[in-house]
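**Student:** I have a structure I would like to understand better, so I am pasting it below and will then ask my questions one at a time.
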Amino acid sequence: MSYGFLDIATTPSVRAMQAEMGSAHVWEQFAGDRAFDRFGRNEMDFIAARDSFYMATVSETGWPYVQHRGGPAGFLTVLDERTLAFADYRGNRQYISTGNARANARVALILMDYVRQARLKIFATVELLPAEPDSGLAGQVLTPGYRARPERIVLLHLVAFDWNCPQHITPRFTEAEIIETMRGVRERLAGLEDENARLRAELALAGHRECEQ
């Protein structure tokens, strides 16, 4: 049966390694159907909440290159169940990922949710388009008010995706997540401070009355 992502990732050398490590039977006996060639609501929501991802390309000399991409949550836009897009803004002008993608359109992405220890892996092909400000696509992808100059729009056509297990993912929190998590603590602390001030005032008033008697 199909297991979309692993059907692509499992090469002869990978199978040999699985056999050597005693895990080949796990995948040889897999009886389900996990083509995973289109995003469901769970994946779309997960992608829309991300503020970064990692993208790997391969050069013409065979060297892999991994690039971190970041922006406001949702900057990696879900256009439909098989297409993602993001704006490629001017950076250090090395153009390694872009050059690699022109020579080999295959890319791999990893999207992380460190708080919930979740990891989404994606195989896709890249299409590079001009960043025309008046186009409908630019309106969906460009970040309003962002000062950097958009040089192109990167379309990612889904081939397969897979979810990883949460093993070995160390939880990490962004500043915004910490602020949100601590909101309840701050509200509770403010309530306790108000209660403490009220009790002090009542004690002071009671002491004042005793002195007058």
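We label chains A, B, ... in the order they appear in the structure tokens, count residues from 1 in each chain, and number ligands from 1 in the order shown.
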For the structure I just gave you, how does DSSP split chain A - specifically, which residues are strand (DSSP E or B)? Reply as number ranges by chain.
**Tutor:** A: 52-58, 64-70, 77-80, 83-89, 106-113, 118-130, 150-164
**Student:** For Arg152 (chain A), list every protein, DNA or RNA residue within 8 Å, evaluated using only C-alpha atoms, and leave out those in the same chain fewer than 5 positions away; present the list as a list in words.
**Tutor:** Ala87, Asp88, Tyr89, Leu128, Leu129, Pro130 and Ala131 of chain A
**Student:** Please produce a file of those selected residues containing all heavy atoms, as a tab-separated table (two decimals), in the first residue's frame.
**Tutor:**
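Generated output (part-v2.tsv):
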chain	number	residue	atom	x	y	z
A	87	ALA	N	6.38	35.05	0.08
A	87	ALA	CA	7.11	36.11	-0.58
A	87	ALA	C	8.59	35.99	-0.25
A	87	ALA	O	8.96	35.81	0.91
A	87	ALA	CB	6.58	37.47	-0.13
A	88	ASP	N	9.42	36.08	-1.27
A	88	ASP	CA	10.87	36.02	-1.09
A	88	ASP	C	11.40	37.45	-1.09
A	88	ASP	O	11.51	38.09	-2.14
A	88	ASP	CB	11.49	35.20	-2.22
A	88	ASP	CG	12.95	34.89	-1.98
A	88	ASP	OD1	13.44	35.15	-0.86
A	88	ASP	OD2	13.62	34.38	-2.90
A	89	TYR	N	11.71	37.96	0.11
A	89	TYR	CA	12.18	39.33	0.26
A	89	TYR	C	13.71	39.40	0.14
A	89	TYR	O	14.41	38.43	0.43
A	89	TYR	CB	11.76	39.90	1.61
A	89	TYR	CG	10.26	40.07	1.74
A	89	TYR	CD1	9.49	39.10	2.38
A	89	TYR	CD2	9.62	41.20	1.25
A	89	TYR	CE1	8.11	39.25	2.51
A	89	TYR	CE2	8.25	41.36	1.37
A	89	TYR	CZ	7.50	40.39	2.00
A	89	TYR	OH	6.15	40.54	2.12
A	128	LEU	N	9.09	29.60	-9.26
A	128	LEU	CA	9.47	30.97	-8.92
A	128	LEU	C	8.73	31.95	-9.84
A	128	LEU	O	8.83	31.86	-11.06
A	128	LEU	CB	10.99	31.16	-9.07
A	128	LEU	CG	11.86	30.19	-8.25
A	128	LEU	CD1	13.33	30.39	-8.57
A	128	LEU	CD2	11.61	30.37	-6.75
A	129	LEU	N	8.02	32.89	-9.23
A	129	LEU	CA	7.22	33.85	-9.99
A	129	LEU	C	7.64	35.27	-9.63
A	129	LEU	O	8.10	35.53	-8.50
A	129	LEU	CB	5.73	33.68	-9.68
A	129	LEU	CG	5.11	32.31	-9.99
A	129	LEU	CD1	3.67	32.30	-9.54
A	129	LEU	CD2	5.21	31.99	-11.47
A	130	PRO	N	7.49	36.23	-10.55
A	130	PRO	CA	7.81	37.62	-10.22
A	130	PRO	C	6.83	38.16	-9.18
A	130	PRO	O	5.65	37.77	-9.15
A	130	PRO	CB	7.66	38.35	-11.56
A	130	PRO	CG	6.76	37.47	-12.38
A	130	PRO	CD	7.06	36.07	-11.95
A	131	ALA	N	7.32	39.03	-8.33
A	131	ALA	CA	6.48	39.64	-7.29
A	131	ALA	C	5.82	40.89	-7.86
A	131	ALA	O	6.29	42.01	-7.67
A	131	ALA	CB	7.31	39.98	-6.06
**Student:** Would you please work out which residue, of A:Cys165, A:Gly71, A:Arg90, A:Thr57, is nearest to Val126 (chain A) when using only C-alpha atoms?
**Tutor:** A:Thr57
**Student:** By how many Å are CA of Gly139 (chain A) and CA of Asn104 (chain A) apart?
**Tutor:**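 For CA of Gly139 (chain A) relative to CA of Asn104 (chain A), the distance reads 27.6 Å.
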**Student:** Based on the backbone DSSP call, show me all residues of region 112-149 of chain A assigned helix (DSSP H, G or I), as a count of residues only.
**Tutor:** 6
**Student:** Residues near region 34-48 of chain A, anyone? I mean within 9 Å using only C-alpha atoms, not counting same-chain ones fewer than 2 positions away, as a ChimeraX atom specification.
**Tutor:** /A:1-5,7,32,50-51,73-78,80-83,111,113,120,158-162
**Student:** Take the residues that were just selected and, keeping C-alpha atoms, output them as a JSON list (two decimals), in the first residue's frame.
**Tutor:**
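Saved file selection_36.json follows:
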[["chain", "number", "residue", "atom", "x", "y", "z"],
["A", 1, "MET", "CA", 0.00, 0.00, 0.00],
["A", 2, "SER", "CA", 1.04, 3.63, -0.48],
["A", 3, "TYR", "CA", 2.88, 5.64, 2.16],
["A", 4, "GLY", "CA", 3.40, 8.78, 0.05],
["A", 5, "PHE", "CA", 6.26, 10.45, 1.92],
["A", 7, "ASP", "CA", 7.63, 6.01, -0.93],
["A", 32, "GLY", "CA", -2.41, 1.22, 5.30],
["A", 50, "ARG", "CA", 3.68, 28.94, 11.89],
["A", 51, "ASP", "CA", 6.05, 31.92, 11.96],
["A", 73, "ALA", "CA", 2.37, 33.82, 11.58],
["A", 74, "GLY", "CA", 0.77, 32.79, 8.30],
["A", 75, "PHE", "CA", 3.46, 34.24, 6.02],
["A", 76, "LEU", "CA", 3.63, 30.76, 4.49],
["A", 77, "THR", "CA", 0.26, 30.96, 2.80],
["A", 78, "VAL", "CA", -1.99, 28.00, 2.05],
["A", 80, "ASP", "CA", -5.28, 25.41, -1.69],
["A", 81, "GLU", "CA", -4.97, 21.80, -0.56],
["A", 82, "ARG", "CA", -1.90, 21.24, -2.75],
["A", 83, "THR", "CA", -0.24, 24.64, -2.99],
["A", 111, "LEU", "CA", 7.68, 23.07, 10.06],
["A", 113, "ASP", "CA", 5.60, 23.66, 16.71],
["A", 120, "LEU", "CA", 5.37, 18.49, 9.77],
["A", 158, "LEU", "CA", 2.86, 19.59, -2.65],
["A", 159, "VAL", "CA", 4.16, 16.13, -3.51],
["A", 160, "ALA", "CA", 3.78, 14.45, -0.09],
["A", 161, "PHE", "CA", 3.80, 15.28, 3.60],
["A", 162, "ASP", "CA", 4.18, 13.36, 6.84]]
**Student:** List the spatial neighbours of Phe86 (chain A) as a ChimeraX atom specification - criterion: any atom at most 6 Å away, only C-alpha atoms, same-chain residues fewer than 2 positions off excluded.
**Tutor:** /A:76,141,153-154
**Student:** So which residues touch Met112 (chain A) within 12 Å, counting only C-alpha atoms, skipping near sequence neighbours fewer than 4 positions away, as a PDB file with all heavy atoms, in the first residue's frame?
**Tutor:**
ATOM      1  N   PHE A  46      -2.277  24.138  10.930  1.00  0.00           N
ATOM      2  CA  PHE A  46      -0.919  24.060  11.473  1.00  0.00           C
ATOM      3  C   PHE A  46       0.007  25.004  10.709  1.00  0.00           C
ATOM      4  O   PHE A  46       0.776  25.772  11.302  1.00  0.00           O
ATOM      5  CB  PHE A  46      -0.414  22.624  11.381  1.00  0.00           C
ATOM      6  CG  PHE A  46       0.956  22.413  11.976  1.00  0.00           C
ATOM      7  CD1 PHE A  46       1.114  22.153  13.325  1.00  0.00           C
ATOM      8  CD2 PHE A  46       2.090  22.451  11.176  1.00  0.00           C
ATOM      9  CE1 PHE A  46       2.379  21.948  13.882  1.00  0.00           C
ATOM     10  CE2 PHE A  46       3.359  22.246  11.713  1.00  0.00           C
ATOM     11  CZ  PHE A  46       3.497  21.998  13.068  1.00  0.00           C
ATOM     12  N   ILE A  47      -0.047  24.952   9.387  1.00  0.00           N
ATOM     13  CA  ILE A  47       0.815  25.791   8.550  1.00  0.00           C
ATOM     14  C   ILE A  47       0.509  27.271   8.778  1.00  0.00           C
ATOM     15  O   ILE A  47       1.422  28.104   8.904  1.00  0.00           O
ATOM     16  CB  ILE A  47       0.642  25.424   7.069  1.00  0.00           C
ATOM     17  CG1 ILE A  47       1.168  24.005   6.813  1.00  0.00           C
ATOM     18  CG2 ILE A  47       1.371  26.421   6.157  1.00  0.00           C
ATOM     19  CD1 ILE A  47       0.781  23.430   5.469  1.00  0.00           C
ATOM     20  N   ALA A  48      -0.773  27.618   8.841  1.00  0.00           N
ATOM     21  CA  ALA A  48      -1.181  29.011   9.005  1.00  0.00           C
ATOM     22  C   ALA A  48      -0.707  29.605  10.329  1.00  0.00           C
ATOM     23  O   ALA A  48      -0.553  30.828  10.445  1.00  0.00           O
ATOM     24  CB  ALA A  48      -2.699  29.127   8.897  1.00  0.00           C
ATOM     25  N   ALA A  49      -0.455  28.777  11.319  1.00  0.00           N
ATOM     26  CA  ALA A  49      -0.036  29.260  12.638  1.00  0.00           C
ATOM     27  C   ALA A  49       1.476  29.392  12.770  1.00  0.00           C
ATOM     28  O   ALA A  49       1.964  29.928  13.769  1.00  0.00           O
ATOM     29  CB  ALA A  49      -0.560  28.318  13.729  1.00  0.00           C
ATOM     30  N   ARG A  50       2.235  28.938  11.780  1.00  0.00           N
ATOM     31  CA  ARG A  50       3.679  28.944  11.889  1.00  0.00           C
ATOM     32  C   ARG A  50       4.271  30.317  11.537  1.00  0.00           C
ATOM     33  O   ARG A  50       3.811  30.997  10.629  1.00  0.00           O
ATOM     34  CB  ARG A  50       4.308  27.897  10.965  1.00  0.00           C
ATOM     35  CG  ARG A  50       3.799  26.486  11.174  1.00  0.00           C
ATOM     36  CD  ARG A  50       4.478  25.772  12.347  1.00  0.00           C
ATOM     37  NE  ARG A  50       4.217  26.322  13.643  1.00  0.00           N
ATOM     38  CZ  ARG A  50       3.060  26.132  14.326  1.00  0.00           C
ATOM     39  NH1 ARG A  50       2.074  25.440  13.812  1.00  0.00           N
ATOM     40  NH2 ARG A  50       2.908  26.640  15.524  1.00  0.00           N
ATOM     41  N   ASP A  51       5.333  30.685  12.272  1.00  0.00           N
ATOM     42  CA  ASP A  51       6.046  31.919  11.962  1.00  0.00           C
ATOM     43  C   ASP A  51       7.451  31.643  11.426  1.00  0.00           C
ATOM     44  O   ASP A  51       8.261  32.564  11.290  1.00  0.00           O
ATOM     45  CB  ASP A  51       6.115  32.835  13.189  1.00  0.00           C
ATOM     46  CG  ASP A  51       6.839  32.195  14.374  1.00  0.00           C
ATOM     47  OD1 ASP A  51       7.383  31.068  14.221  1.00  0.00           O
ATOM     48  OD2 ASP A  51       6.864  32.807  15.455  1.00  0.00           O
ATOM     49  N   SER A  52       7.736  30.372  11.129  1.00  0.00           N
ATOM     50  CA  SER A  52       9.027  30.029  10.531  1.00  0.00           C
ATOM     51  C   SER A  52       8.972  28.606   9.985  1.00  0.00           C
ATOM     52  O   SER A  52       8.086  27.826  10.346  1.00  0.00           O
ATOM     53  CB  SER A  52      10.168  30.147  11.550  1.00  0.00           C
ATOM     54  OG  SER A  52      10.039  29.158  12.562  1.00  0.00           O
ATOM     55  N   PHE A  53       9.928  28.300   9.127  1.00  0.00           N
ATOM     56  CA  PHE A  53      10.115  26.933   8.655  1.00  0.00           C
ATOM     57  C   PHE A  53      11.534  26.792   8.125  1.00  0.00           C
ATOM     58  O   PHE A  53      12.258  27.785   7.959  1.00  0.00           O
ATOM     59  CB  PHE A  53       9.075  26.549   7.581  1.00  0.00           C
ATOM     60  CG  PHE A  53       9.175  27.332   6.291  1.00  0.00           C
ATOM     61  CD1 PHE A  53       9.971  26.891   5.240  1.00  0.00           C
ATOM     62  CD2 PHE A  53       8.455  28.503   6.118  1.00  0.00           C
ATOM     63  CE1 PHE A  53      10.056  27.607   4.055  1.00  0.00           C
ATOM     64  CE2 PHE A  53       8.530  29.223   4.940  1.00  0.00           C
ATOM     65  CZ  PHE A  53       9.330  28.769   3.898  1.00  0.00           C
ATOM     66  N   TYR A  54      11.933  25.557   7.874  1.00  0.00           N
ATOM     67  CA  TYR A  54      13.242  25.264   7.301  1.00  0.00           C
ATOM     68  C   TYR A  54      13.031  24.646   5.921  1.00  0.00           C
ATOM     69  O   TYR A  54      12.164  23.780   5.750  1.00  0.00           O
ATOM     70  CB  TYR A  54      14.032  24.300   8.189  1.00  0.00           C
ATOM     71  CG  TYR A  54      14.226  24.809   9.603  1.00  0.00           C
ATOM     72  CD1 TYR A  54      13.315  24.475  10.612  1.00  0.00           C
ATOM     73  CD2 TYR A  54      15.300  25.621   9.935  1.00  0.00           C
ATOM     74  CE1 TYR A  54      13.475  24.954  11.905  1.00  0.00           C
ATOM     75  CE2 TYR A  54      15.474  26.101  11.236  1.00  0.00           C
ATOM     76  CZ  TYR A  54      14.558  25.762  12.210  1.00  0.00           C
ATOM     77  OH  TYR A  54      14.716  26.226  13.490  1.00  0.00           O
ATOM     78  N   MET A  55      13.826  25.086   4.943  1.00  0.00           N
ATOM     79  CA  MET A  55      13.683  24.572   3.587  1.00  0.00           C
ATOM     80  C   MET A  55      15.034  24.099   3.071  1.00  0.00           C
ATOM     81  O   MET A  55      16.027  24.833   3.123  1.00  0.00           O
ATOM     82  CB  MET A  55      13.122  25.640   2.649  1.00  0.00           C
ATOM     83  CG  MET A  55      12.867  25.129   1.238  1.00  0.00           C
ATOM     84  SD  MET A  55      12.032  26.347   0.170  1.00  0.00           S
ATOM     85  CE  MET A  55      13.379  27.520  -0.117  1.00  0.00           C
ATOM     86  N   HIS A  68      16.631  28.850   6.852  1.00  0.00           N
ATOM     87  CA  HIS A  68      15.547  29.198   7.762  1.00  0.00           C
ATOM     88  C   HIS A  68      14.763  30.348   7.154  1.00  0.00           C
ATOM     89  O   HIS A  68      15.339  31.317   6.663  1.00  0.00           O
ATOM     90  CB  HIS A  68      16.100  29.612   9.126  1.00  0.00           C
ATOM     91  CG  HIS A  68      15.062  30.166  10.048  1.00  0.00           C
ATOM     92  ND1 HIS A  68      14.764  31.520  10.121  1.00  0.00           N
ATOM     93  CD2 HIS A  68      14.232  29.553  10.931  1.00  0.00           C
ATOM     94  CE1 HIS A  68      13.815  31.712  11.011  1.00  0.00           C
ATOM     95  NE2 HIS A  68      13.476  30.548  11.524  1.00  0.00           N
ATOM     96  N   ARG A  69      13.438  30.228   7.177  1.00  0.00           N
ATOM     97  CA  ARG A  69      12.568  31.305   6.721  1.00  0.00           C
ATOM     98  C   ARG A  69      11.664  31.711   7.878  1.00  0.00           C
ATOM     99  O   ARG A  69      11.126  30.855   8.579  1.00  0.00           O
ATOM    100  CB  ARG A  69      11.694  30.836   5.553  1.00  0.00           C
ATOM    101  CG  ARG A  69      12.470  30.572   4.282  1.00  0.00           C
ATOM    102  CD  ARG A  69      12.737  31.868   3.543  1.00  0.00           C
ATOM    103  NE  ARG A  69      13.441  31.639   2.299  1.00  0.00           N
ATOM    104  CZ  ARG A  69      13.587  32.556   1.352  1.00  0.00           C
ATOM    105  NH1 ARG A  69      13.055  33.750   1.515  1.00  0.00           N
ATOM    106  NH2 ARG A  69      14.260  32.298   0.251  1.00  0.00           N
ATOM    107  N   GLY A  70      11.517  33.020   8.071  1.00  0.00           N
ATOM    108  CA  GLY A  70      10.682  33.492   9.168  1.00  0.00           C
ATOM    109  C   GLY A  70       9.858  34.694   8.776  1.00  0.00           C
ATOM    110  O   GLY A  70      10.163  35.392   7.801  1.00  0.00           O
ATOM    111  N   ARG A 116       3.978  22.462  21.244  1.00  0.00           N
ATOM    112  CA  ARG A 116       3.198  21.221  21.258  1.00  0.00           C
ATOM    113  C   ARG A 116       4.010  20.025  20.792  1.00  0.00           C
ATOM    114  O   ARG A 116       3.488  18.925  20.642  1.00  0.00           O
ATOM    115  CB  ARG A 116       1.954  21.391  20.382  1.00  0.00           C
ATOM    116  CG  ARG A 116       1.015  22.457  20.910  1.00  0.00           C
ATOM    117  CD  ARG A 116      -0.076  22.812  19.919  1.00  0.00           C
ATOM    118  NE  ARG A 116      -0.930  23.890  20.418  1.00  0.00           N
ATOM    119  CZ  ARG A 116      -0.606  25.183  20.386  1.00  0.00           C
ATOM    120  NH1 ARG A 116       0.561  25.554  19.864  1.00  0.00           N
ATOM    121  NH2 ARG A 116      -1.420  26.089  20.860  1.00  0.00           N
ATOM    122  N   GLN A 117       5.291  20.233  20.542  1.00  0.00           N
ATOM    123  CA  GLN A 117       6.211  19.166  20.118  1.00  0.00           C
ATOM    124  C   GLN A 117       5.678  18.432  18.882  1.00  0.00           C
ATOM    125  O   GLN A 117       5.589  17.209  18.842  1.00  0.00           O
ATOM    126  CB  GLN A 117       6.455  18.187  21.266  1.00  0.00           C
ATOM    127  CG  GLN A 117       7.167  18.833  22.456  1.00  0.00           C
ATOM    128  CD  GLN A 117       7.303  17.885  23.627  1.00  0.00           C
ATOM    129  OE1 GLN A 117       6.323  17.591  24.312  1.00  0.00           O
ATOM    130  NE2 GLN A 117       8.497  17.391  23.859  1.00  0.00           N
ATOM    131  N   ALA A 118       5.334  19.226  17.874  1.00  0.00           N
ATOM    132  CA  ALA A 118       4.812  18.684  16.612  1.00  0.00           C
ATOM    133  C   ALA A 118       5.711  19.108  15.463  1.00  0.00           C
ATOM    134  O   ALA A 118       6.283  20.205  15.473  1.00  0.00           O
ATOM    135  CB  ALA A 118       3.388  19.165  16.371  1.00  0.00           C
ATOM    136  N   ARG A 119       5.815  18.233  14.451  1.00  0.00           N
ATOM    137  CA  ARG A 119       6.728  18.483  13.328  1.00  0.00           C
ATOM    138  C   ARG A 119       6.080  17.959  12.041  1.00  0.00           C
ATOM    139  O   ARG A 119       5.688  16.792  11.955  1.00  0.00           O
ATOM    140  CB  ARG A 119       8.058  17.777  13.601  1.00  0.00           C
ATOM    141  CG  ARG A 119       9.082  17.827  12.508  1.00  0.00           C
ATOM    142  CD  ARG A 119      10.399  17.244  13.007  1.00  0.00           C
ATOM    143  NE  ARG A 119      10.223  16.025  13.788  1.00  0.00           N
ATOM    144  CZ  ARG A 119      11.127  15.546  14.641  1.00  0.00           C
ATOM    145  NH1 ARG A 119      12.248  16.186  14.850  1.00  0.00           N
ATOM    146  NH2 ARG A 119      10.897  14.420  15.290  1.00  0.00           N
ATOM    147  N   LEU A 120       5.962  18.844  11.059  1.00  0.00           N
ATOM    148  CA  LEU A 120       5.375  18.491   9.772  1.00  0.00           C
ATOM    149  C   LEU A 120       6.464  18.531   8.697  1.00  0.00           C
ATOM    150  O   LEU A 120       7.143  19.549   8.544  1.00  0.00           O
ATOM    151  CB  LEU A 120       4.246  19.466   9.418  1.00  0.00           C
ATOM    152  CG  LEU A 120       3.536  19.258   8.074  1.00  0.00           C
ATOM    153  CD1 LEU A 120       2.815  17.908   8.049  1.00  0.00           C
ATOM    154  CD2 LEU A 120       2.554  20.397   7.811  1.00  0.00           C
ATOM    155  N   LYS A 121       6.619  17.428   7.977  1.00  0.00           N
ATOM    156  CA  LYS A 121       7.613  17.339   6.911  1.00  0.00           C
ATOM    157  C   LYS A 121       6.891  17.385   5.563  1.00  0.00           C
ATOM    158  O   LYS A 121       5.841  16.752   5.396  1.00  0.00           O
ATOM    159  CB  LYS A 121       8.413  16.043   7.012  1.00  0.00           C
ATOM    160  CG  LYS A 121       9.110  15.838   8.354  1.00  0.00           C
ATOM    161  CD  LYS A 121       9.911  14.552   8.372  1.00  0.00           C
ATOM    162  CE  LYS A 121       9.032  13.330   8.225  1.00  0.00           C
ATOM    163  NZ  LYS A 121       9.795  12.060   8.362  1.00  0.00           N
ATOM    164  N   ILE A 122       7.469  18.109   4.617  1.00  0.00           N
ATOM    165  CA  ILE A 122       6.824  18.297   3.311  1.00  0.00           C
ATOM    166  C   ILE A 122       7.837  18.109   2.188  1.00  0.00           C
ATOM    167  O   ILE A 122       8.932  18.684   2.232  1.00  0.00           O
ATOM    168  CB  ILE A 122       6.205  19.707   3.203  1.00  0.00           C
ATOM    169  CG1 ILE A 122       5.119  19.913   4.265  1.00  0.00           C
ATOM    170  CG2 ILE A 122       5.634  19.945   1.811  1.00  0.00           C
ATOM    171  CD1 ILE A 122       4.603  21.343   4.351  1.00  0.00           C
ATOM    172  N   TRP A 163       3.755  13.535   9.200  1.00  0.00           N
ATOM    173  CA  TRP A 163       3.932  14.041  10.556  1.00  0.00           C
ATOM    174  C   TRP A 163       4.976  13.189  11.264  1.00  0.00           C
ATOM    175  O   TRP A 163       4.961  11.972  11.146  1.00  0.00           O
ATOM    176  CB  TRP A 163       2.619  13.976  11.338  1.00  0.00           C
ATOM    177  CG  TRP A 163       1.581  14.953  10.892  1.00  0.00           C
ATOM    178  CD1 TRP A 163       0.570  14.728  10.008  1.00  0.00           C
ATOM    179  CD2 TRP A 163       1.456  16.309  11.306  1.00  0.00           C
ATOM    180  NE1 TRP A 163      -0.184  15.864   9.847  1.00  0.00           N
ATOM    181  CE2 TRP A 163       0.328  16.850  10.635  1.00  0.00           C
ATOM    182  CE3 TRP A 163       2.180  17.129  12.177  1.00  0.00           C
ATOM    183  CZ2 TRP A 163      -0.081  18.171  10.809  1.00  0.00           C
ATOM    184  CZ3 TRP A 163       1.765  18.443  12.352  1.00  0.00           C
ATOM    185  CH2 TRP A 163       0.654  18.954  11.675  1.00  0.00           C
ATOM    186  N   ASN A 164       5.861  13.854  12.001  1.00  0.00           N
ATOM    187  CA  ASN A 164       6.845  13.151  12.808  1.00  0.00           C
ATOM    188  C   ASN A 164       6.331  12.958  14.227  1.00  0.00           C
ATOM    189  O   ASN A 164       5.481  13.716  14.700  1.00  0.00           O
ATOM    190  CB  ASN A 164       8.149  13.937  12.881  1.00  0.00           C
ATOM    191  CG  ASN A 164       9.226  13.347  11.985  1.00  0.00           C
ATOM    192  OD1 ASN A 164      10.071  14.064  11.495  1.00  0.00           O
ATOM    193  ND2 ASN A 164       9.217  12.051  11.770  1.00  0.00           N
ATOM    194  N   CYS A 165       6.901  11.965  14.915  1.00  0.00           N
ATOM    195  CA  CYS A 165       6.570  11.779  16.331  1.00  0.00           C
ATOM    196  C   CYS A 165       7.231  12.898  17.141  1.00  0.00           C
ATOM    197  O   CYS A 165       8.188  13.521  16.685  1.00  0.00           O
ATOM    198  CB  CYS A 165       7.044  10.413  16.809  1.00  0.00           C
ATOM    199  SG  CYS A 165       8.833  10.260  16.913  1.00  0.00           S
ATOM    200  N   PRO A 166       6.746  13.163  18.355  1.00  0.00           N
ATOM    201  CA  PRO A 166       7.271  14.274  19.155  1.00  0.00           C
ATOM    202  C   PRO A 166       8.585  13.974  19.879  1.00  0.00           C
ATOM    203  O   PRO A 166       9.076  14.831  20.617  1.00  0.00           O
ATOM    204  CB  PRO A 166       6.144  14.521  20.159  1.00  0.00           C
ATOM    205  CG  PRO A 166       5.503  13.185  20.337  1.00  0.00           C
ATOM    206  CD  PRO A 166       5.565  12.531  18.984  1.00  0.00           C
ATOM    207  N   ILE A 169      11.905  16.520  20.683  1.00  0.00           N
ATOM    208  CA  ILE A 169      11.619  17.925  20.410  1.00  0.00           C
ATOM    209  C   ILE A 169      11.541  18.650  21.748  1.00  0.00           C
ATOM    210  O   ILE A 169      10.640  18.405  22.546  1.00  0.00           O
ATOM    211  CB  ILE A 169      10.302  18.105  19.631  1.00  0.00           C
ATOM    212  CG1 ILE A 169      10.370  17.375  18.285  1.00  0.00           C
ATOM    213  CG2 ILE A 169      10.016  19.587  19.408  1.00  0.00           C
ATOM    214  CD1 ILE A 169       9.078  17.438  17.488  1.00  0.00           C
ATOM    215  N   THR A 170      12.496  19.517  22.001  1.00  0.00           N
ATOM    216  CA  THR A 170      12.518  20.271  23.252  1.00  0.00           C
ATOM    217  C   THR A 170      11.545  21.441  23.160  1.00  0.00           C
ATOM    218  O   THR A 170      11.650  22.256  22.238  1.00  0.00           O
ATOM    219  CB  THR A 170      13.925  20.826  23.524  1.00  0.00           C
ATOM    220  OG1 THR A 170      14.849  19.736  23.588  1.00  0.00           O
ATOM    221  CG2 THR A 170      13.961  21.596  24.832  1.00  0.00           C
ATOM    222  N   PRO A 171      10.571  21.532  24.072  1.00  0.00           N
ATOM    223  CA  PRO A 171       9.611  22.647  24.014  1.00  0.00           C
ATOM    224  C   PRO A 171      10.323  23.991  24.134  1.00  0.00           C
ATOM    225  O   PRO A 171      11.199  24.179  24.983  1.00  0.00           O
ATOM    226  CB  PRO A 171       8.699  22.395  25.211  1.00  0.00           C
ATOM    227  CG  PRO A 171       8.818  20.929  25.477  1.00  0.00           C
ATOM    228  CD  PRO A 171      10.245  20.587  25.156  1.00  0.00           C
ATOM    229  N   ARG A 172       9.958  24.921  23.265  1.00  0.00           N
ATOM    230  CA  ARG A 172      10.465  26.285  23.312  1.00  0.00           C
ATOM    231  C   ARG A 172       9.289  27.232  23.109  1.00  0.00           C
ATOM    232  O   ARG A 172       8.338  26.895  22.423  1.00  0.00           O
ATOM    233  CB  ARG A 172      11.530  26.516  22.228  1.00  0.00           C
ATOM    234  CG  ARG A 172      12.821  25.763  22.470  1.00  0.00           C
ATOM    235  CD  ARG A 172      13.867  26.147  21.421  1.00  0.00           C
ATOM    236  NE  ARG A 172      15.163  25.532  21.715  1.00  0.00           N
ATOM    237  CZ  ARG A 172      15.534  24.331  21.301  1.00  0.00           C
ATOM    238  NH1 ARG A 172      14.707  23.625  20.542  1.00  0.00           N
ATOM    239  NH2 ARG A 172      16.714  23.834  21.611  1.00  0.00           N
ATOM    240  N   PHE A 173       9.403  28.428  23.692  1.00  0.00           N
ATOM    241  CA  PHE A 173       8.299  29.370  23.651  1.00  0.00           C
ATOM    242  C   PHE A 173       8.776  30.709  23.107  1.00  0.00           C
ATOM    243  O   PHE A 173       9.837  31.205  23.494  1.00  0.00           O
ATOM    244  CB  PHE A 173       7.705  29.570  25.054  1.00  0.00           C
ATOM    245  CG  PHE A 173       7.128  28.314  25.655  1.00  0.00           C
ATOM    246  CD1 PHE A 173       7.946  27.380  26.281  1.00  0.00           C
ATOM    247  CD2 PHE A 173       5.767  28.065  25.581  1.00  0.00           C
ATOM    248  CE1 PHE A 173       7.420  26.219  26.823  1.00  0.00           C
ATOM    249  CE2 PHE A 173       5.227  26.912  26.123  1.00  0.00           C
ATOM    250  CZ  PHE A 173       6.053  25.983  26.743  1.00  0.00           C
TER     251      PHE A 173
END
**Student:** Would you compute the distance between CA of Phe123 (chain A) and CA of Ala108 (chain A)? Give it in Å to one decimal.
**Tutor:**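 Computing it gives 4.7 Å between the two atoms.
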